[in-house]
file entry15.csv (CSV, C-alpha atoms)
chain,number,residue,atom,x,y,z
A,1,ASP,CA,-27.2,19.4,-18.6
A,2,VAL,CA,-25.0,22.4,-17.6
A,3,GLU,CA,-27.7,24.5,-16.1
A,4,GLN,CA,-29.0,21.7,-14.0
A,5,THR,CA,-25.5,21.0,-12.8
A,6,LYS,CA,-25.0,24.6,-11.8
A,7,ARG,CA,-28.2,24.6,-9.8
A,8,ALA,CA,-27.2,21.4,-8.0
A,9,LEU,CA,-23.8,22.9,-7.2
A,10,GLU,CA,-25.4,26.0,-5.9
A,11,ARG,CA,-27.8,24.1,-3.7
A,12,SER,CA,-25.1,21.9,-2.3
A,13,SER,CA,-22.5,24.6,-1.6
A,14,ASP,CA,-23.6,25.0,2.0
A,15,ALA,CA,-23.1,21.3,2.8
A,16,PRO,CA,-19.9,19.7,4.1
A,17,LEU,CA,-19.2,18.3,0.6
A,18,SER,CA,-16.4,18.1,-2.0
A,19,ILE,CA,-17.2,16.9,-5.5
A,20,VAL,CA,-14.4,15.5,-7.6
A,21,ILE,CA,-15.1,14.7,-11.2
A,22,VAL,CA,-12.6,12.9,-13.4
A,23,GLY,CA,-13.1,13.1,-17.2
A,24,ILE,CA,-12.1,9.8,-18.7
A,25,GLY,CA,-11.3,9.3,-22.4
A,26,ARG,CA,-10.1,11.6,-25.2
A,27,ALA,CA,-13.2,13.8,-25.4
A,28,ASP,CA,-13.1,17.6,-25.4
A,29,PHE,CA,-13.7,18.5,-21.8
A,30,SER,CA,-13.3,22.3,-22.3
A,31,ARG,CA,-17.0,22.8,-21.5
A,32,MET,CA,-16.5,21.2,-18.1
A,33,GLN,CA,-14.2,24.0,-17.0
A,34,PHE,CA,-17.3,25.8,-15.6
A,35,LEU,CA,-17.2,23.3,-12.8
A,36,ASP,CA,-13.9,24.6,-11.5
A,37,ASP,CA,-14.9,28.3,-12.2
A,38,PHE,CA,-18.5,28.2,-11.0
A,39,ALA,CA,-17.8,29.5,-7.5
A,40,GLU,CA,-15.6,32.3,-8.8
A,41,GLN,CA,-18.5,33.6,-10.9
A,42,ASN,CA,-21.0,33.3,-8.0
A,43,PRO,CA,-19.6,34.8,-4.8
A,44,HIS,CA,-22.4,33.5,-2.6
A,45,VAL,CA,-21.5,29.9,-3.7
A,46,ARG,CA,-18.8,27.9,-1.9
A,47,ASP,CA,-16.3,26.2,-4.2
A,48,ILE,CA,-17.0,22.5,-3.8
A,49,CYS,CA,-16.1,21.1,-7.2
A,50,GLN,CA,-12.9,20.0,-8.8
A,51,PHE,CA,-12.7,18.7,-12.4
A,52,VAL,CA,-9.7,16.8,-13.6
A,53,GLU,CA,-8.9,15.5,-17.1
A,54,PHE,CA,-7.5,12.0,-16.6
A,55,GLN,CA,-5.7,12.0,-19.9
A,56,LYS,CA,-3.5,14.9,-18.9
A,57,TYR,CA,-2.1,12.9,-15.9
A,58,ALA,CA,-2.6,9.3,-17.1
A,59,HIS,CA,1.1,8.5,-17.0
A,60,ASP,CA,1.9,10.2,-13.7
A,61,LYS,CA,0.0,8.8,-10.7
A,62,SER,CA,1.4,11.3,-8.3
A,63,ALA,CA,0.4,14.3,-10.4
A,64,LEU,CA,-3.1,12.7,-10.9
A,65,THR,CA,-3.5,12.3,-7.2
A,66,ARG,CA,-2.2,15.8,-6.4
A,67,GLU,CA,-4.5,17.4,-9.0
A,68,THR,CA,-7.5,15.4,-8.0
A,69,LEU,CA,-7.2,16.1,-4.3
A,70,ASP,CA,-5.7,19.6,-4.6
A,71,GLU,CA,-8.7,21.7,-3.6
A,72,ILE,CA,-10.2,19.6,-0.9
A,73,PRO,CA,-8.2,21.0,2.1
A,74,ASP,CA,-9.2,24.6,1.1
A,75,GLN,CA,-12.8,23.5,0.6
A,76,LEU,CA,-12.9,21.9,4.1
A,77,VAL,CA,-11.4,25.0,5.7
A,78,ASP,CA,-13.8,27.2,3.9
A,79,TYR,CA,-16.8,25.1,5.0
A,80,PHE,CA,-15.8,25.2,8.7
A,81,TYR,CA,-15.0,28.9,8.6
A,82,ARG,CA,-18.2,30.1,6.7
A,83,PHE,CA,-20.7,27.8,8.4
A,84,ARG,CA,-19.2,27.0,11.8
A,85,GLY,CA,-17.0,30.0,12.5
A,86,ILE,CA,-14.0,27.7,13.1
A,87,LEU,CA,-10.6,28.8,11.9
A,88,PRO,CA,-7.7,26.3,11.5
A,89,LEU,CA,-4.9,26.3,14.1
A,90,PRO,CA,-1.7,28.1,13.0
A,91,PRO,CA,0.8,25.8,11.2
A,92,VAL,CA,3.3,24.0,13.4
A,93,SER,CA,6.8,23.8,12.3
A,94,GLY,CA,9.1,21.4,14.2
A,95,SER,CA,8.6,20.1,17.7
A,96,GLN,CA,7.1,22.2,20.4
A,97,VAL,CA,9.1,20.3,23.0
A,98,SER,CA,12.7,20.9,23.8
A,99,PHE,CA,15.0,18.6,25.6
A,100,ALA,CA,18.1,19.6,27.5
A,101,VAL,CA,20.6,16.9,28.5
A,102,ASP,CA,22.6,17.6,31.7
A,103,GLU,CA,25.7,15.5,31.3
A,104,ALA,CA,26.9,16.1,34.8
A,105,ASP,CA,24.0,14.1,36.4
A,106,GLU,CA,24.1,11.2,34.0
A,107,GLU,CA,25.7,7.9,34.9
A,108,GLU,CA,27.4,6.0,32.2
A,109,ILE,CA,25.5,2.9,31.2
A,110,ASP,CA,27.4,-0.3,30.4
A,111,LEU,CA,26.0,-1.9,27.3
A,112,SER,CA,28.5,-4.7,27.0
A,113,ILE,CA,27.5,-8.3,26.5
A,114,ASP,CA,29.3,-11.1,28.3
A,115,TYR,CA,28.9,-14.9,28.8
A,116,THR,CA,29.1,-16.7,32.1
A,117,SER,CA,30.8,-20.1,32.6
A,118,GLU,CA,27.3,-21.7,32.4
A,119,GLU,CA,26.9,-20.1,28.9
A,120,GLU,CA,24.3,-17.6,30.0
A,121,ILE,CA,24.2,-14.2,28.3
A,122,VAL,CA,24.9,-11.3,30.7
A,123,LEU,CA,24.3,-7.7,29.8
A,124,GLY,CA,26.5,-5.2,31.5
A,125,GLU,CA,29.3,-5.9,34.0
A,126,VAL,CA,28.9,-9.2,35.9
A,127,GLN,CA,30.1,-7.7,39.2
A,128,ASN,CA,27.3,-5.1,39.1
A,129,LEU,CA,24.5,-7.7,38.9
A,130,PRO,CA,22.4,-8.3,42.0
A,131,LYS,CA,22.9,-11.6,43.8
A,132,TYR,CA,19.8,-13.8,44.3
call {"tool": "encode", "arguments": {"input": "entry15.csv", "output": "structure tokens"}}
result
Amino acid sequence: DVEQTKRALERSSDAPLSIVIVGIGRADFSRMQFLDDFAEQNPHVRDICQFVEFQKYAHDKSALTRETLDEIPDQLVDYFYRFRGILPLPPVSGSQVSFAVDEADEEEIDLSIDYTSEEEIVLGEVQNLPKY
């Protein structure tokens, strides 16, 4: 029932909720488009619903996943902004940490491998190893 579904979406639009409906089969799902457009027609209702026709993406799992989950991040941000007053942090691009290498203060590290007469493996120069 379309009207009952609209009322349920309207009542649920203030909850931290996303609804994803996937239409399975070869039926005509054109009447289901109202699920995606419902919030646009009712400005006091938050968009919480996404309808996806499985048949359109049946042979492309990536596209099906992308289309199915596409609106959820925006729905989440909208919920926290409208009902909690929380805005997302600005996007981060790259690292916030910078490293500078001062070659003048670095010692060269010997990464050579050697074998002693007792067939032990020794990393680095043998003469630099501590005597025990």
call {"tool": "residues_around", "arguments": {"input": "entry15.csv", "residues": "Tyr57 in chain A", "least_positions_apart": "3", "cutoff": "12 Å", "atoms": "only C-alpha atoms", "output": "PyMOL selection string"}}
result
chain A and resi 22-25+52-54+60-68
call {"tool": "atom_distance", "arguments": {"input": "entry15.csv", "atom1": "CA of Ile72 in chain A", "atom2": "CA of Asp47 in chain A"}}
result
9.6 Å
call {"tool": "closest_residue", "arguments": {"input": "entry15.csv", "among": "A:Tyr115, A:Phe38, A:Phe51, A:Phe83", "to": "Arg7 in chain A", "atoms": "all atoms listed in the file"}}
result
A:Phe38
call {"tool": "residues_around", "arguments": {"input": "entry15.csv", "residues": "range 1-5 of chain A", "least_positions_apart": "2", "cutoff": "9 Å", "atoms": "only C-alpha atoms", "output": "ChimeraX atom specification"}}
result
/A:7-10,31-32,34-35
call {"tool": "closest_residue", "arguments": {"input": "entry15.csv", "among": "A:Ala27, A:His59, A:Pro90, A:Pro16", "to": "Asp78 in chain A", "atoms": "all atoms listed in the file"}}
result
A:Pro16
call {"tool": "atom_distance", "arguments": {"input": "entry15.csv", "atom1": "CA of Arg11 in chain A", "atom2": "CA of Asn42 in chain A"}}
result
12.2 Å
call {"tool": "atom_distance", "arguments": {"input": "entry15.csv", "atom1": "CA of Ser12 in chain A", "atom2": "CA of Gln75 in chain A"}}
result
12.7 Å
call {"tool": "residues_around", "arguments": {"input": "entry15.csv", "residues": "Leu76 in chain A", "least_positions_apart": "3", "cutoff": "9 Å", "atoms": "only C-alpha atoms", "output": "NGL selection string"}}
result
:A and (16-18 or 48 or 71-73 or 79-81)
call {"tool": "residues_around", "arguments": {"input": "entry15.csv", "residues": "Asp36 in chain A", "least_positions_apart": "3", "cutoff": "6 Å", "atoms": "only C-alpha atoms", "output": "list of chain:residue names"}}
result
A:Gln33, A:Cys49, A:Gln50
call {"tool": "write_last_selection", "arguments": {"input": "entry15.csv", "atoms": "C-alpha atoms", "output": "PDB file, in the frame of the given file"}}
result
ATOM      1  CA  GLN A  33     -14.200  24.000 -17.000  1.00  0.00           C
ATOM      2  CA  CYS A  49     -16.100  21.100  -7.200  1.00  0.00           C
ATOM      3  CA  GLN A  50     -12.900  20.000  -8.800  1.00  0.00           C
TER       4      GLN A  50
END
